[in-house]
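This is start-v4.pdb. It holds PDB, C-alpha atoms.
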MODEL        1
ATOM      1  CA  MET A   1     -11.724 -13.646  49.165  1.00  0.00           C
ATOM      2  CA  PRO A   2      -8.224 -13.839  50.652  1.00  0.00           C
ATOM      3  CA  ALA A   3      -5.616 -16.473  49.937  1.00  0.00           C
ATOM      4  CA  THR A   4      -5.698 -19.889  51.556  1.00  0.00           C
ATOM      5  CA  ASP A   5      -3.060 -21.551  53.651  1.00  0.00           C
ATOM      6  CA  GLY A   6      -1.168 -24.455  52.183  1.00  0.00           C
ATOM      7  CA  PRO A   7      -0.829 -25.940  48.722  1.00  0.00           C
ATOM      8  CA  ILE A   8      -3.706 -27.302  46.639  1.00  0.00           C
ATOM      9  CA  ALA A   9      -3.146 -30.657  44.907  1.00  0.00           C
ATOM     10  CA  VAL A  10      -3.044 -30.570  41.089  1.00  0.00           C
ATOM     11  CA  PRO A  11      -2.188 -33.251  38.485  1.00  0.00           C
ATOM     12  CA  SER A  12       1.302 -31.878  37.721  1.00  0.00           C
ATOM     13  CA  GLY A  13       2.275 -32.107  41.385  1.00  0.00           C
ATOM     14  CA  GLN A  14       3.425 -28.473  41.470  1.00  0.00           C
ATOM     15  CA  PRO A  15       2.654 -26.509  44.637  1.00  0.00           C
ATOM     16  CA  VAL A  16      -0.337 -24.247  43.902  1.00  0.00           C
ATOM     17  CA  GLN A  17      -1.839 -21.762  46.346  1.00  0.00           C
ATOM     18  CA  LEU A  18      -4.921 -19.545  46.034  1.00  0.00           C
ATOM     19  CA  LEU A  19      -3.998 -15.868  45.741  1.00  0.00           C
ATOM     20  CA  ASP A  20      -7.528 -14.472  45.624  1.00  0.00           C
ATOM     21  CA  VAL A  21     -10.964 -14.652  44.025  1.00  0.00           C
ATOM     22  CA  VAL A  22     -12.252 -11.704  42.021  1.00  0.00           C
ATOM     23  CA  TRP A  23     -16.030 -11.630  41.688  1.00  0.00           C
ATOM     24  CA  ASN A  24     -16.799  -7.931  41.325  1.00  0.00           C
ATOM     25  CA  ALA A  25     -15.359  -7.331  37.831  1.00  0.00           C
ATOM     26  CA  PRO A  26     -17.634  -8.442  34.963  1.00  0.00           C
ATOM     27  CA  GLY A  27     -16.190 -10.443  32.112  1.00  0.00           C
ATOM     28  CA  PRO A  28     -17.105 -10.578  28.417  1.00  0.00           C
ATOM     29  CA  GLU A  29     -19.791 -13.196  29.116  1.00  0.00           C
ATOM     30  CA  GLY A  30     -21.340 -11.351  32.085  1.00  0.00           C
ATOM     31  CA  LEU A  31     -20.902 -12.373  35.720  1.00  0.00           C
ATOM     32  CA  THR A  32     -17.446 -13.925  36.009  1.00  0.00           C
ATOM     33  CA  LEU A  33     -15.643 -15.518  38.944  1.00  0.00           C
ATOM     34  CA  ARG A  34     -11.868 -15.402  38.687  1.00  0.00           C
ATOM     35  CA  PHE A  35      -9.899 -17.822  40.841  1.00  0.00           C
ATOM     36  CA  ARG A  36      -6.277 -16.653  40.825  1.00  0.00           C
ATOM     37  CA  PHE A  37      -3.537 -19.063  41.904  1.00  0.00           C
ATOM     38  CA  LEU A  38       0.177 -18.800  42.599  1.00  0.00           C
ATOM     39  CA  ALA A  39       2.099 -21.513  40.714  1.00  0.00           C
ATOM     40  CA  PRO A  40       5.853 -20.784  40.878  1.00  0.00           C
ATOM     41  CA  GLN A  41       6.784 -23.823  38.767  1.00  0.00           C
ATOM     42  CA  ILE A  42       5.351 -22.250  35.579  1.00  0.00           C
ATOM     43  CA  ALA A  43       8.151 -19.646  35.593  1.00  0.00           C
ATOM     44  CA  ARG A  44       9.990 -19.187  32.283  1.00  0.00           C
ATOM     45  CA  GLU A  45      13.312 -19.374  34.108  1.00  0.00           C
ATOM     46  CA  GLY A  46      13.715 -22.286  36.460  1.00  0.00           C
ATOM     47  CA  GLY A  47      10.148 -23.563  36.152  1.00  0.00           C
ATOM     48  CA  SER A  48       9.437 -27.239  35.636  1.00  0.00           C
ATOM     49  CA  VAL A  49       5.771 -27.142  34.527  1.00  0.00           C
ATOM     50  CA  GLY A  50       4.952 -26.332  30.904  1.00  0.00           C
ATOM     51  CA  PHE A  51       1.742 -25.029  29.390  1.00  0.00           C
ATOM     52  CA  ASP A  52       0.190 -28.439  28.618  1.00  0.00           C
ATOM     53  CA  ALA A  53       0.594 -29.613  32.219  1.00  0.00           C
ATOM     54  CA  ALA A  54      -0.670 -26.243  33.469  1.00  0.00           C
ATOM     55  CA  VAL A  55      -3.833 -26.620  31.352  1.00  0.00           C
ATOM     56  CA  ALA A  56      -4.587 -29.923  33.091  1.00  0.00           C
ATOM     57  CA  ASP A  57      -3.960 -28.209  36.437  1.00  0.00           C
ATOM     58  CA  MET A  58      -6.389 -25.388  35.565  1.00  0.00           C
ATOM     59  CA  GLN A  59      -9.100 -27.887  34.558  1.00  0.00           C
ATOM     60  CA  ALA A  60      -8.596 -29.732  37.848  1.00  0.00           C
ATOM     61  CA  LEU A  61      -8.656 -26.480  39.843  1.00  0.00           C
ATOM     62  CA  CYS A  62     -11.923 -25.483  38.193  1.00  0.00           C
ATOM     63  CA  GLU A  63     -13.578 -28.823  38.935  1.00  0.00           C
ATOM     64  CA  SER A  64     -12.151 -29.639  42.362  1.00  0.00           C
ATOM     65  CA  TYR A  65     -11.589 -26.177  43.841  1.00  0.00           C
ATOM     66  CA  ALA A  66     -13.765 -23.567  42.109  1.00  0.00           C
ATOM     67  CA  LEU A  67     -16.974 -25.551  41.506  1.00  0.00           C
ATOM     68  CA  PRO A  68     -17.555 -26.440  45.177  1.00  0.00           C
ATOM     69  CA  ARG A  69     -17.110 -22.767  46.143  1.00  0.00           C
ATOM     70  CA  ILE A  70     -19.196 -21.004  43.486  1.00  0.00           C
ATOM     71  CA  ALA A  71     -22.317 -20.824  45.668  1.00  0.00           C
ATOM     72  CA  ASP A  72     -20.302 -18.891  48.300  1.00  0.00           C
ATOM     73  CA  PHE A  73     -20.252 -15.884  45.949  1.00  0.00           C
ATOM     74  CA  GLY A  74     -23.954 -15.504  45.162  1.00  0.00           C
ATOM     75  CA  PRO A  75     -25.619 -16.006  41.780  1.00  0.00           C
ATOM     76  CA  ALA A  76     -24.160 -18.555  39.392  1.00  0.00           C
ATOM     77  CA  PRO A  77     -21.574 -16.964  37.101  1.00  0.00           C
ATOM     78  CA  ALA A  78     -21.713 -17.117  33.323  1.00  0.00           C
ATOM     79  CA  GLN A  79     -18.016 -17.930  33.321  1.00  0.00           C
ATOM     80  CA  VAL A  80     -15.232 -19.074  35.638  1.00  0.00           C
ATOM     81  CA  VAL A  81     -11.669 -18.020  34.857  1.00  0.00           C
ATOM     82  CA  ILE A  82      -8.766 -19.924  36.384  1.00  0.00           C
ATOM     83  CA  SER A  83      -5.389 -18.215  36.280  1.00  0.00           C
ATOM     84  CA  LEU A  84      -1.933 -19.356  37.288  1.00  0.00           C
ATOM     85  CA  ALA A  85       0.958 -16.963  37.859  1.00  0.00           C
ATOM     86  CA  ASP A  86       4.536 -17.626  38.860  1.00  0.00           C
ATOM     87  CA  ARG A  87       4.429 -14.566  41.160  1.00  0.00           C
ATOM     88  CA  PRO A  88       1.676 -12.394  42.639  1.00  0.00           C
ATOM     89  CA  VAL A  89       0.414  -9.823  40.122  1.00  0.00           C
ATOM     90  CA  PRO A  90      -2.349  -7.441  41.240  1.00  0.00           C
ATOM     91  CA  PHE A  91      -5.612  -7.988  39.343  1.00  0.00           C
ATOM     92  CA  GLY A  92      -5.824  -5.795  36.263  1.00  0.00           C
ATOM     93  CA  GLU A  93      -2.109  -5.004  36.221  1.00  0.00           C
ATOM     94  CA  SER A  94       0.635  -6.420  34.042  1.00  0.00           C
ATOM     95  CA  ASP A  95       4.107  -7.592  34.913  1.00  0.00           C
ATOM     96  CA  PRO A  96       6.293  -8.369  31.880  1.00  0.00           C
ATOM     97  CA  ALA A  97       8.535 -10.586  33.999  1.00  0.00           C
ATOM     98  CA  ALA A  98       5.618 -12.742  35.197  1.00  0.00           C
ATOM     99  CA  THR A  99       4.474 -15.950  33.555  1.00  0.00           C
ATOM    100  CA  GLN A 100       0.683 -16.170  33.622  1.00  0.00           C
ATOM    101  CA  PHE A 101      -1.756 -18.691  32.133  1.00  0.00           C
ATOM    102  CA  PHE A 102      -5.523 -18.169  31.923  1.00  0.00           C
ATOM    103  CA  GLU A 103      -8.365 -20.502  30.985  1.00  0.00           C
ATOM    104  CA  ALA A 104     -12.079 -19.699  30.853  1.00  0.00           C
ATOM    105  CA  PHE A 105     -14.800 -22.232  31.617  1.00  0.00           C
ATOM    106  CA  SER A 106     -18.566 -22.316  31.468  1.00  0.00           C
ATOM    107  CA  ILE A 107     -20.359 -24.475  34.009  1.00  0.00           C
ATOM    108  CA  ALA A 108     -22.792 -27.144  32.771  1.00  0.00           C
ATOM    109  CA  ASP A 109     -24.121 -30.235  34.538  1.00  0.00           C
ATOM    110  CA  GLY A 110     -21.646 -29.791  37.379  1.00  0.00           C
ATOM    111  CA  LEU A 111     -18.639 -29.747  35.042  1.00  0.00           C
ATOM    112  CA  CYS A 112     -16.194 -27.100  33.897  1.00  0.00           C
ATOM    113  CA  ILE A 113     -16.400 -26.782  30.113  1.00  0.00           C
ATOM    114  CA  TRP A 114     -13.320 -25.164  28.546  1.00  0.00           C
ATOM    115  CA  GLU A 115     -13.995 -22.073  26.431  1.00  0.00           C
ATOM    116  CA  ALA A 116     -11.530 -20.515  24.031  1.00  0.00           C
ATOM    117  CA  PHE A 117     -10.812 -16.867  24.853  1.00  0.00           C
TER     118      PHE A 117
ENDMDL
END

Could I get this file's structure written as C-alpha cells?
Amino acid sequence: MPATDGPIAVPSGQPVQLLDVVWNAPGPEGLTLRFRFLAPQIAREGGSVGFDAAVADMQALCESYALPRIADFGPAPAQVVISLADRPVPFGESDPAATQFFEAFSIADGLCIWEAF
C-alpha cells in the first residue's frame, strides 16, 4: 500500500505521514501487518519528540489508523507493528543515521494491546 497524502494527527502533535504498509512478510507471531510512518521530529539531531511521546503516538496510530484498515488486507493478522522513522528507510534495510521506533501490538476486542518485542 503506497503512502498517503497529508499528515496524520497524533497526540504529540508531530507531523506523521504513512510511508507504506508491509503485509507480505511474516513476523515471529505469524501473519503481521506493518504500518510504517515517517515522523521527522523523532530525529536524534534537531528532533523535538522523545521516545515516551512517540510510544503514545504509536498506540494512537494503531488504534485510530491501523485498526480501521486491517480488513483491507485480508485475514486478521496475529500482530500489528507500528514503526516511526525520521527518514524513509526501505523495509528490511538498515540506516545507522536513521532514528526508528517500533512497537508490536496484538488485536483483542477492537483494541491494540502492546506486546514487548

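Within the 10 Å cut-off around Gly6 (chain A), using all atoms listed in the file and omitting residues fewer than 6 positions from it on the same chain, the listed residues are Pro15, Val16, Gln17 and Leu18 of chain A.
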
Local residues around (1.2, -28.0, 33.3), at most 10 Å away, using only C-alpha atoms, as a CSV table (one decimal) with C-alpha atoms, keeping the file's coordinate frame:
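Full text of point.csv as output:
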chain,number,residue,atom,x,y,z
A,10,VAL,CA,-3.0,-30.6,41.1
A,11,PRO,CA,-2.2,-33.3,38.5
A,12,SER,CA,1.3,-31.9,37.7
A,13,GLY,CA,2.3,-32.1,41.4
A,14,GLN,CA,3.4,-28.5,41.5
A,39,ALA,CA,2.1,-21.5,40.7
A,41,GLN,CA,6.8,-23.8,38.8
A,42,ILE,CA,5.4,-22.2,35.6
A,48,SER,CA,9.4,-27.2,35.6
A,49,VAL,CA,5.8,-27.1,34.5
A,50,GLY,CA,5.0,-26.3,30.9
A,51,PHE,CA,1.7,-25.0,29.4
A,52,ASP,CA,0.2,-28.4,28.6
A,53,ALA,CA,0.6,-29.6,32.2
A,54,ALA,CA,-0.7,-26.2,33.5
A,55,VAL,CA,-3.8,-26.6,31.4
A,56,ALA,CA,-4.6,-29.9,33.1
A,57,ASP,CA,-4.0,-28.2,36.4
A,58,MET,CA,-6.4,-25.4,35.6
A,101,PHE,CA,-1.8,-18.7,32.1

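With distances taken over all atoms listed in the file, A:Ile107 is the one residue among A:Ile107, A:Ala116, A:Ala43, A:Ala25 lying closest to Leu67 (chain A).
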
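The space between CA of Val81 (chain A) and CA of Glu63 (chain A) spans 11.7 Å.
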
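CA of Glu93 (chain A) lies 25.3 Å from CA of Arg69 (chain A).
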
Adding 6 Å on each side of the box along x, y and z that holds all listed atoms of region 85-92 of chain A, could you give its centre and edge lengths in Å to one decimal, as JSON?
{"center_x": -0.6, "center_y": -11.7, "center_z": 39.5, "size_x": 22.4, "size_y": 23.8, "size_z": 18.4}

Give me the residues within 12 Å of Ala97 (chain A) as a ChimeraX atom specification, counting all atoms listed in the file and dropping any in the same chain fewer than 4 places off. /A:43-45,85-89

What does the distance between CA of Glu29 (chain A) and CA of Ala78 (chain A) come to in Å, to one decimal place? 6.1 Å

Any chance you could model N, CA and C atoms for region 35-58 of chain A and send them as a compact mmCIF listing (two decimals), in the frame of the given file?
# COMPACT_ATOMS: atom_id res chain seq x y z
N PHE A 35 -10.69 -17.19 39.79
CA PHE A 35 -9.90 -17.82 40.84
C PHE A 35 -8.45 -17.71 40.41
N ARG A 36 -7.66 -16.96 41.18
CA ARG A 36 -6.28 -16.65 40.83
C ARG A 36 -5.34 -17.42 41.75
N PHE A 37 -4.42 -18.19 41.15
CA PHE A 37 -3.54 -19.06 41.90
C PHE A 37 -2.07 -18.72 41.66
N LEU A 38 -1.27 -18.91 42.69
CA LEU A 38 0.18 -18.80 42.60
C LEU A 38 0.73 -20.18 42.26
N ALA A 39 1.52 -20.25 41.18
CA ALA A 39 2.10 -21.51 40.71
C ALA A 39 3.54 -21.25 40.27
N PRO A 40 4.48 -21.18 41.21
CA PRO A 40 5.85 -20.78 40.88
C PRO A 40 6.54 -21.67 39.84
N GLN A 41 6.10 -22.91 39.69
CA GLN A 41 6.78 -23.82 38.77
C GLN A 41 6.47 -23.57 37.30
N ILE A 42 5.60 -22.59 36.99
CA ILE A 42 5.35 -22.25 35.58
C ILE A 42 6.31 -21.16 35.09
N ALA A 43 7.21 -20.72 35.94
CA ALA A 43 8.15 -19.65 35.59
C ALA A 43 8.94 -19.99 34.34
N ARG A 44 9.18 -18.98 33.50
CA ARG A 44 9.99 -19.19 32.28
C ARG A 44 11.40 -19.63 32.64
N GLU A 45 11.95 -19.03 33.68
CA GLU A 45 13.31 -19.37 34.11
C GLU A 45 13.24 -20.20 35.38
N GLY A 46 13.68 -21.43 35.29
CA GLY A 46 13.72 -22.29 36.46
C GLY A 46 12.45 -23.06 36.73
N GLY A 47 11.40 -22.84 35.95
CA GLY A 47 10.15 -23.56 36.15
C GLY A 47 10.23 -24.96 35.57
N SER A 48 9.42 -25.85 36.10
CA SER A 48 9.44 -27.24 35.64
C SER A 48 8.10 -27.69 35.06
N VAL A 49 7.10 -26.79 35.02
CA VAL A 49 5.77 -27.14 34.53
C VAL A 49 5.47 -26.31 33.28
N GLY A 50 5.26 -27.01 32.16
CA GLY A 50 4.95 -26.33 30.90
C GLY A 50 3.47 -26.06 30.75
N PHE A 51 3.12 -25.44 29.62
CA PHE A 51 1.74 -25.03 29.39
C PHE A 51 0.77 -26.21 29.38
N ASP A 52 1.12 -27.31 28.71
CA ASP A 52 0.19 -28.44 28.62
C ASP A 52 -0.15 -29.00 30.00
N ALA A 53 0.85 -29.14 30.85
CA ALA A 53 0.59 -29.61 32.22
C ALA A 53 -0.21 -28.58 33.00
N ALA A 54 0.07 -27.30 32.77
CA ALA A 54 -0.67 -26.24 33.47
C ALA A 54 -2.14 -26.23 33.06
N VAL A 55 -2.44 -26.55 31.80
CA VAL A 55 -3.83 -26.62 31.35
C VAL A 55 -4.58 -27.70 32.13
N ALA A 56 -3.96 -28.86 32.30
CA ALA A 56 -4.59 -29.92 33.09
C ALA A 56 -4.78 -29.48 34.54
N ASP A 57 -3.83 -28.74 35.07
CA ASP A 57 -3.96 -28.21 36.44
C ASP A 57 -5.14 -27.24 36.53
N MET A 58 -5.30 -26.37 35.53
CA MET A 58 -6.39 -25.39 35.56
C MET A 58 -7.74 -26.07 35.46
